[in-house]
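S.K.: This is the structure I want to talk about, given as structure tokens.
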Amino acid sequence: MRFLLKRWQGKKAALVTTSCLAILFMSFGWSECCSETGAIAGVRDYLRGKISAESKVGTFVCRGEMLCGATQIPLFYNKRGFFPAWCGRSGILPSARELISEIRGAYKEGLHPEDYHLTHIEILLKELKEETLAGNRKKAERLGDLDLFLTDAFMLYSSHLLGGRVKPDTLHSDWVVDVPTADLLQILESSLQTGRIRETLLGMSPRDLGYRRLKSYLASYRGMAKEGPVPPVPASMLRKGSRGGGVQRLRTRLATFGDLQGSPEGQGDFFDGAVESAVRRFQGRHGLRQDGIVGKNTLRMLNISFKQRSRQIELNLERWRWISHDLGTRYVVVNIAGFTLQVVESGVVRMEMRVVVGKPFRRTPVFSGSMTYLVINPYWNVPRTLAINDILPHLKKDPTYLQEQGLRVFADWSKETPEIDGRSVHWDLLGPDTFPFRLRQDPGPKNALGRIKFMFPNKFSVYLHDTPSRTLFQETTRNFSSGCIRVEKPVSLAVYLLRDEKQWTEKRIRETIHSGKTVAIPLRRAVPVHLQYWTAWVDELGRLHFRDDIYDRDGPLERALQERLPAG
């Protein structure tokens, strides 16, 4: 069966369920886990009756709890002749205990074990154990319910590892992902036959090193949170030469984070060179100005609790699960919240640079595309919204703004529309409903796209480009654009992307720029581009980074992850 991930369609629409959108059932070859003994016959009869009854009502409730595989469970057991999957003549099979162990450890992935029926599973295990100790025969009903819970848990947990627990487009309209799909029932049947439950589930989670590194930090921060709160650094300006109890607390915090090497005692309450270097390291990992001074923003970051940081890591692990498991051999990835672009090849970061992303009210969307060409000395056809909101107010005050900015006016947006004299337009009479014109900015030093743009066609009309506003790259928080991404080193990026085109050397690229001629250059091999949003991540050196949530995306995701599956 082709198992497609579908989301819960009730009031809690962000929750993932294992109901499928389409079913193409494939014939399973399975080996019987047991012979037709009296006990197994009883479980088999119970499963047949339970599944038949629940199928008539269209939902599936077991012991008062909703099972998410209301469609898949009948198909799965029907193909098995209703033989149980997780128990045999000698009782609960090793594969069942292996699955239960993995469910108990779901918290290591930032997921909730209770979402996978763990409470009911534990109760059933206890009841079955007590019956065994008392010398009573196992009840078919309890074994049957356990089997149903485990089957549903496998499908639900594996789907969450594969594609995330929350569907991002239920939270953000500008977050587009292709949810991974898999033949989960076929995978389940194969795993049961081979006894490789744990290996199968491990293979479902993201394979990228970034995910695994972030998961290891989750365990560390949870451990630190359990040890109790670390005294906060008091609100005061601290710098090299400062002395007092606040410095001692600062030392303790920096040592706990790993930024201050050696004993936090050091020089006691004195802010020395070692502390200053540690503060700079901390600031670098948190996107702050690396001045070695504990000011307002650094103090705020220092005093965020381990519990809060643990939760932030969980949110970003979930975001990793939304990403394709195959990013490409060579790709460009932009971390919007981190204001950075990286070119990655064969798992190694080959190039990194700063970027400027969209303002909070003009957010850069999250999606993946394929870069196919770049343009040197591009024209800029001003989007209508920007023309009305950003340029029209200037034109109403100063009609010469067109000439100053190298802007031309066209009658409308049709391909062959004529250019008109902007001086003949009564700009002061125009508004959002009466603005038919297309504005185009000529190539040149004032062009908003700079000298190069990098194109990966998409429905958002977002791309990477140069900018004449170079000073913005010196800011620590760089969300100033109207949605597109401005890159710090456009020529370096172009040289790297055109390395397969021997004629396009850096020298020729710069000569073409200086010529002023507009030239489009196709890429011999398309390059995947991934625009992502991470507020916590681990770099290639193993350092954990945190950033502010510039678009307020963490809150909605946290609330969605806290929602529990509905009871029956």
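Note on naming: chains are A, B, ... as they come in the structure tokens, residues start from 1 per chain, ligands start from 1 in the order shown.
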Determine, counting only C-alpha atoms, which protein, DNA and RNA residues have an atom within 9 Å of an atom of stretch 115-130 of chain A; residues of the same chain fewer than 2 positions away are not included. Present the result as number ranges by chain.
M.R.: A: 63, 65, 67, 100, 103-104, 111-113, 132-136, 138-139, 142-143, 145-146, 149-150, 152-154, 156-157, 564-565
S.K.: Write the residues of the preceding selection, restricted to N, CA and C atoms, as a PDB file, in the first residue's frame.
M.R.:
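The resulting file, selection_10.pdb, is reproduced below:
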```pdb
ATOM      1  N   ARG A  63     -10.329   0.943  23.750  1.00  0.00           N
ATOM      2  CA  ARG A  63     -10.228   1.291  25.169  1.00  0.00           C
ATOM      3  C   ARG A  63     -10.409   2.798  25.392  1.00  0.00           C
ATOM      4  N   GLU A  65      -9.688   5.197  23.387  1.00  0.00           N
ATOM      5  CA  GLU A  65      -8.719   6.058  22.711  1.00  0.00           C
ATOM      6  C   GLU A  65      -8.826   5.864  21.212  1.00  0.00           C
ATOM      7  N   LEU A  67      -7.766   5.443  17.532  1.00  0.00           N
ATOM      8  CA  LEU A  67      -6.653   4.981  16.707  1.00  0.00           C
ATOM      9  C   LEU A  67      -6.691   5.761  15.406  1.00  0.00           C
ATOM     10  N   ILE A 100       8.046  -1.006  21.701  1.00  0.00           N
ATOM     11  CA  ILE A 100       7.695  -0.303  22.942  1.00  0.00           C
ATOM     12  C   ILE A 100       8.894   0.481  23.457  1.00  0.00           C
ATOM     13  N   ILE A 103       9.177   3.607  21.401  1.00  0.00           N
ATOM     14  CA  ILE A 103       8.140   4.576  21.765  1.00  0.00           C
ATOM     15  C   ILE A 103       8.505   5.285  23.065  1.00  0.00           C
ATOM     16  N   ARG A 104       9.003   4.528  24.023  1.00  0.00           N
ATOM     17  CA  ARG A 104       9.422   5.149  25.281  1.00  0.00           C
ATOM     18  C   ARG A 104      10.527   6.174  25.058  1.00  0.00           C
ATOM     19  N   LEU A 111       9.704  14.319  20.500  1.00  0.00           N
ATOM     20  CA  LEU A 111       8.308  13.908  20.371  1.00  0.00           C
ATOM     21  C   LEU A 111       7.791  13.389  21.707  1.00  0.00           C
ATOM     22  N   HIS A 112       6.475  13.138  21.787  1.00  0.00           N
ATOM     23  CA  HIS A 112       5.841  12.748  23.041  1.00  0.00           C
ATOM     24  C   HIS A 112       5.467  11.270  23.011  1.00  0.00           C
ATOM     25  N   PRO A 113       6.054  10.439  23.861  1.00  0.00           N
ATOM     26  CA  PRO A 113       5.697   9.012  23.874  1.00  0.00           C
ATOM     27  C   PRO A 113       4.209   8.762  24.075  1.00  0.00           C
ATOM     28  N   THR A 132      -0.231 -13.561  34.191  1.00  0.00           N
ATOM     29  CA  THR A 132       0.764 -14.624  34.079  1.00  0.00           C
ATOM     30  C   THR A 132       1.229 -15.057  35.465  1.00  0.00           C
ATOM     31  N   LEU A 133       1.524 -14.057  36.314  1.00  0.00           N
ATOM     32  CA  LEU A 133       1.984 -14.379  37.664  1.00  0.00           C
ATOM     33  C   LEU A 133       0.915 -15.117  38.450  1.00  0.00           C
ATOM     34  N   ALA A 134      -0.322 -14.796  38.180  1.00  0.00           N
ATOM     35  CA  ALA A 134      -1.414 -15.449  38.906  1.00  0.00           C
ATOM     36  C   ALA A 134      -1.743 -16.815  38.320  1.00  0.00           C
ATOM     37  N   GLY A 135      -1.066 -17.121  37.225  1.00  0.00           N
ATOM     38  CA  GLY A 135      -1.293 -18.411  36.600  1.00  0.00           C
ATOM     39  C   GLY A 135      -2.520 -18.448  35.732  1.00  0.00           C
ATOM     40  N   ASN A 136      -3.105 -17.284  35.423  1.00  0.00           N
ATOM     41  CA  ASN A 136      -4.299 -17.247  34.590  1.00  0.00           C
ATOM     42  C   ASN A 136      -3.930 -17.209  33.114  1.00  0.00           C
ATOM     43  N   LYS A 138      -3.866 -15.884  29.402  1.00  0.00           N
ATOM     44  CA  LYS A 138      -3.945 -14.537  28.827  1.00  0.00           C
ATOM     45  C   LYS A 138      -5.279 -14.365  28.129  1.00  0.00           C
ATOM     46  N   LYS A 139      -5.849 -13.225  28.318  1.00  0.00           N
ATOM     47  CA  LYS A 139      -7.134 -12.957  27.698  1.00  0.00           C
ATOM     48  C   LYS A 139      -6.940 -12.466  26.268  1.00  0.00           C
ATOM     49  N   ARG A 142      -7.252  -8.602  25.690  1.00  0.00           N
ATOM     50  CA  ARG A 142      -6.123  -7.745  26.051  1.00  0.00           C
ATOM     51  C   ARG A 142      -4.981  -7.873  25.040  1.00  0.00           C
ATOM     52  N   LEU A 143      -4.705  -9.083  24.605  1.00  0.00           N
ATOM     53  CA  LEU A 143      -3.674  -9.261  23.586  1.00  0.00           C
ATOM     54  C   LEU A 143      -4.070  -8.606  22.272  1.00  0.00           C
ATOM     55  N   ASP A 145      -6.142  -5.984  21.905  1.00  0.00           N
ATOM     56  CA  ASP A 145      -6.032  -4.528  22.053  1.00  0.00           C
ATOM     57  C   ASP A 145      -4.575  -4.074  22.000  1.00  0.00           C
ATOM     58  N   LEU A 146      -3.705  -4.830  22.646  1.00  0.00           N
ATOM     59  CA  LEU A 146      -2.281  -4.494  22.606  1.00  0.00           C
ATOM     60  C   LEU A 146      -1.777  -4.527  21.167  1.00  0.00           C
ATOM     61  N   PHE A 149      -3.002  -1.392  19.344  1.00  0.00           N
ATOM     62  CA  PHE A 149      -2.267  -0.207  19.784  1.00  0.00           C
ATOM     63  C   PHE A 149      -0.863  -0.166  19.183  1.00  0.00           C
ATOM     64  N   LEU A 150      -0.199  -1.308  19.161  1.00  0.00           N
ATOM     65  CA  LEU A 150       1.176  -1.347  18.657  1.00  0.00           C
ATOM     66  C   LEU A 150       1.223  -1.097  17.148  1.00  0.00           C
ATOM     67  N   ASP A 152      -0.955   0.639  15.371  1.00  0.00           N
ATOM     68  CA  ASP A 152      -1.240   2.057  15.161  1.00  0.00           C
ATOM     69  C   ASP A 152      -0.059   2.919  15.597  1.00  0.00           C
ATOM     70  N   ALA A 153       0.579   2.541  16.698  1.00  0.00           N
ATOM     71  CA  ALA A 153       1.727   3.304  17.194  1.00  0.00           C
ATOM     72  C   ALA A 153       2.875   3.281  16.198  1.00  0.00           C
ATOM     73  N   PHE A 154       3.132   2.137  15.599  1.00  0.00           N
ATOM     74  CA  PHE A 154       4.212   2.047  14.618  1.00  0.00           C
ATOM     75  C   PHE A 154       3.955   2.983  13.446  1.00  0.00           C
ATOM     76  N   LEU A 156       1.940   5.608  13.265  1.00  0.00           N
ATOM     77  CA  LEU A 156       1.892   7.009  13.659  1.00  0.00           C
ATOM     78  C   LEU A 156       3.291   7.548  13.966  1.00  0.00           C
ATOM     79  N   TYR A 157       4.056   6.791  14.729  1.00  0.00           N
ATOM     80  CA  TYR A 157       5.398   7.242  15.100  1.00  0.00           C
ATOM     81  C   TYR A 157       6.302   7.325  13.867  1.00  0.00           C
ATOM     82  N   ARG A 564      -2.654  17.327  22.082  1.00  0.00           N
ATOM     83  CA  ARG A 564      -2.689  15.873  22.129  1.00  0.00           C
ATOM     84  C   ARG A 564      -3.722  15.350  21.143  1.00  0.00           C
ATOM     85  N   LEU A 565      -3.544  14.127  20.717  1.00  0.00           N
ATOM     86  CA  LEU A 565      -4.521  13.501  19.836  1.00  0.00           C
ATOM     87  C   LEU A 565      -5.849  13.349  20.554  1.00  0.00           C
TER      88      LEU A 565
END
```
S.K.: Using only C-alpha atoms, what does the table of stretch 276-333 of chain A residues within 7 Å of stretch 243-263 of chain A look like, with each row giving the shortest atom pair and its distance in Å to one decimal, sorted by chain and ascending number, as CSV?
M.R.:
```
residue,atom,partner,partner_atom,distance
A:Ala278,CA,A:Asp259,CA,5.0
A:Arg281,CA,A:Asp259,CA,6.1
A:Phe282,CA,A:Asp259,CA,6.1
```
S.K.: Extract, using only C-alpha atoms, all DNA, RNA and protein residues at most 9 Å from A:Arg280, discarding same-chain residues fewer than 3 positions from it, and format them as a ChimeraX atom specification.
M.R.: /A:259,275-277,283-285,288-293
S.K.: Taking 4 positions as the minimum chain separation for residues in the same chain, which residues sit within 10 Å of A:Tyr221 when counting only C-alpha atoms? Answer as a ChimeraX atom specification.
M.R.: /A:216-217,225-227,257,305-311,313
S.K.: Quick one: distance from atom CA of A:Thr329 to atom CA of A:Leu341 in Å, one decimal?
M.R.: 16.4 Å
S.K.: Within 12 Å of stretch 172-186 of chain A, which residues of stretch 411-495 of chain A come that close, and what is the closest atom pair and distance in Å for each? Count only C-alpha atoms and give it as a Markdown table.
M.R.:
```
| residue | atom | partner | partner_atom | distance |
| --- | --- | --- | --- | --- |
| A:Asn458 | CA | A:Val176 | CA | 11.0 |
| A:Lys459 | CA | A:Asp174 | CA | 10.4 |
| A:Phe460 | CA | A:Asp174 | CA | 8.6 |
| A:Val462 | CA | A:Asp174 | CA | 11.7 |
| A:Gly483 | CA | A:Asp174 | CA | 11.1 |
```
S.K.: So which residues touch A:Lys397 within 12 Å, counting only C-alpha atoms, skipping near sequence neighbours fewer than 4 positions away, as a PyMOL selection string?
M.R.: chain A and resi 391-393+401-402+426-429
S.K.: Near A:Lys489, within 8 Å and counting only C-alpha atoms, which residues show up once chain neighbours fewer than 3 positions away are dropped, as number ranges by chain?
M.R.: A: 353, 466, 492-493
S.K.: Determine which residues of stretch 284-435 of chain A DSSP labels as strand (DSSP E) from the backbone of this structure, then write them out as number ranges by chain.
M.R.: A: 330-335, 340-345, 348-358, 367-376, 380-381, 407-410, 419-420
S.K.: Those same residues - C-alpha atoms - I'd like them written as an mmCIF file, in the first residue's frame.
M.R.:
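Output (selection.cif):
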```
data_model
loop_
_atom_site.group_PDB
_atom_site.id
_atom_site.type_symbol
_atom_site.label_atom_id
_atom_site.label_comp_id
_atom_site.auth_asym_id
_atom_site.auth_seq_id
_atom_site.Cartn_x
_atom_site.Cartn_y
_atom_site.Cartn_z
ATOM 1 C CA ARG A 330 25.437 20.387 -4.126
ATOM 2 C CA TYR A 331 22.914 22.910 -2.876
ATOM 3 C CA VAL A 332 22.345 26.398 -1.519
ATOM 4 C CA VAL A 333 20.634 26.753 1.844
ATOM 5 C CA VAL A 334 19.481 30.006 3.392
ATOM 6 C CA ASN A 335 18.648 30.141 7.084
ATOM 7 C CA THR A 340 23.105 33.320 6.479
ATOM 8 C CA LEU A 341 23.597 31.517 3.173
ATOM 9 C CA GLN A 342 25.714 28.412 2.729
ATOM 10 C CA VAL A 343 26.770 26.475 -0.334
ATOM 11 C CA VAL A 344 27.087 22.820 0.636
ATOM 12 C CA GLU A 345 28.722 20.159 -1.478
ATOM 13 C CA VAL A 348 30.854 20.101 3.365
ATOM 14 C CA VAL A 349 30.184 23.834 3.613
ATOM 15 C CA ARG A 350 32.134 25.322 0.696
ATOM 16 C CA MET A 351 30.990 28.914 1.054
ATOM 17 C CA GLU A 352 29.137 31.016 3.614
ATOM 18 C CA MET A 353 27.939 34.607 3.597
ATOM 19 C CA ARG A 354 25.541 37.008 5.243
ATOM 20 C CA VAL A 355 22.147 37.749 3.761
ATOM 21 C CA VAL A 356 19.370 40.281 4.214
ATOM 22 C CA VAL A 357 15.873 38.775 4.374
ATOM 23 C CA GLY A 358 12.303 40.057 4.374
ATOM 24 C CA PHE A 367 10.284 26.529 0.309
ATOM 25 C CA SER A 368 12.716 24.682 -1.950
ATOM 26 C CA GLY A 369 13.423 25.515 -5.570
ATOM 27 C CA SER A 370 15.888 24.825 -8.357
ATOM 28 C CA MET A 371 18.309 27.536 -9.506
ATOM 29 C CA THR A 372 18.565 27.394 -13.293
ATOM 30 C CA TYR A 373 20.183 30.673 -14.340
ATOM 31 C CA LEU A 374 21.595 33.992 -13.205
ATOM 32 C CA VAL A 375 21.460 37.456 -14.718
ATOM 33 C CA ILE A 376 24.260 40.026 -14.792
ATOM 34 C CA TRP A 380 14.093 45.335 -12.032
ATOM 35 C CA ASN A 381 10.418 45.183 -12.798
ATOM 36 C CA LEU A 407 13.001 54.229 -13.210
ATOM 37 C CA ARG A 408 10.979 53.991 -16.413
ATOM 38 C CA VAL A 409 7.187 53.957 -16.723
ATOM 39 C CA PHE A 410 5.203 51.583 -18.951
ATOM 40 C CA GLU A 419 6.951 53.310 -22.461
ATOM 41 C CA ILE A 420 5.439 56.629 -21.441
#
```
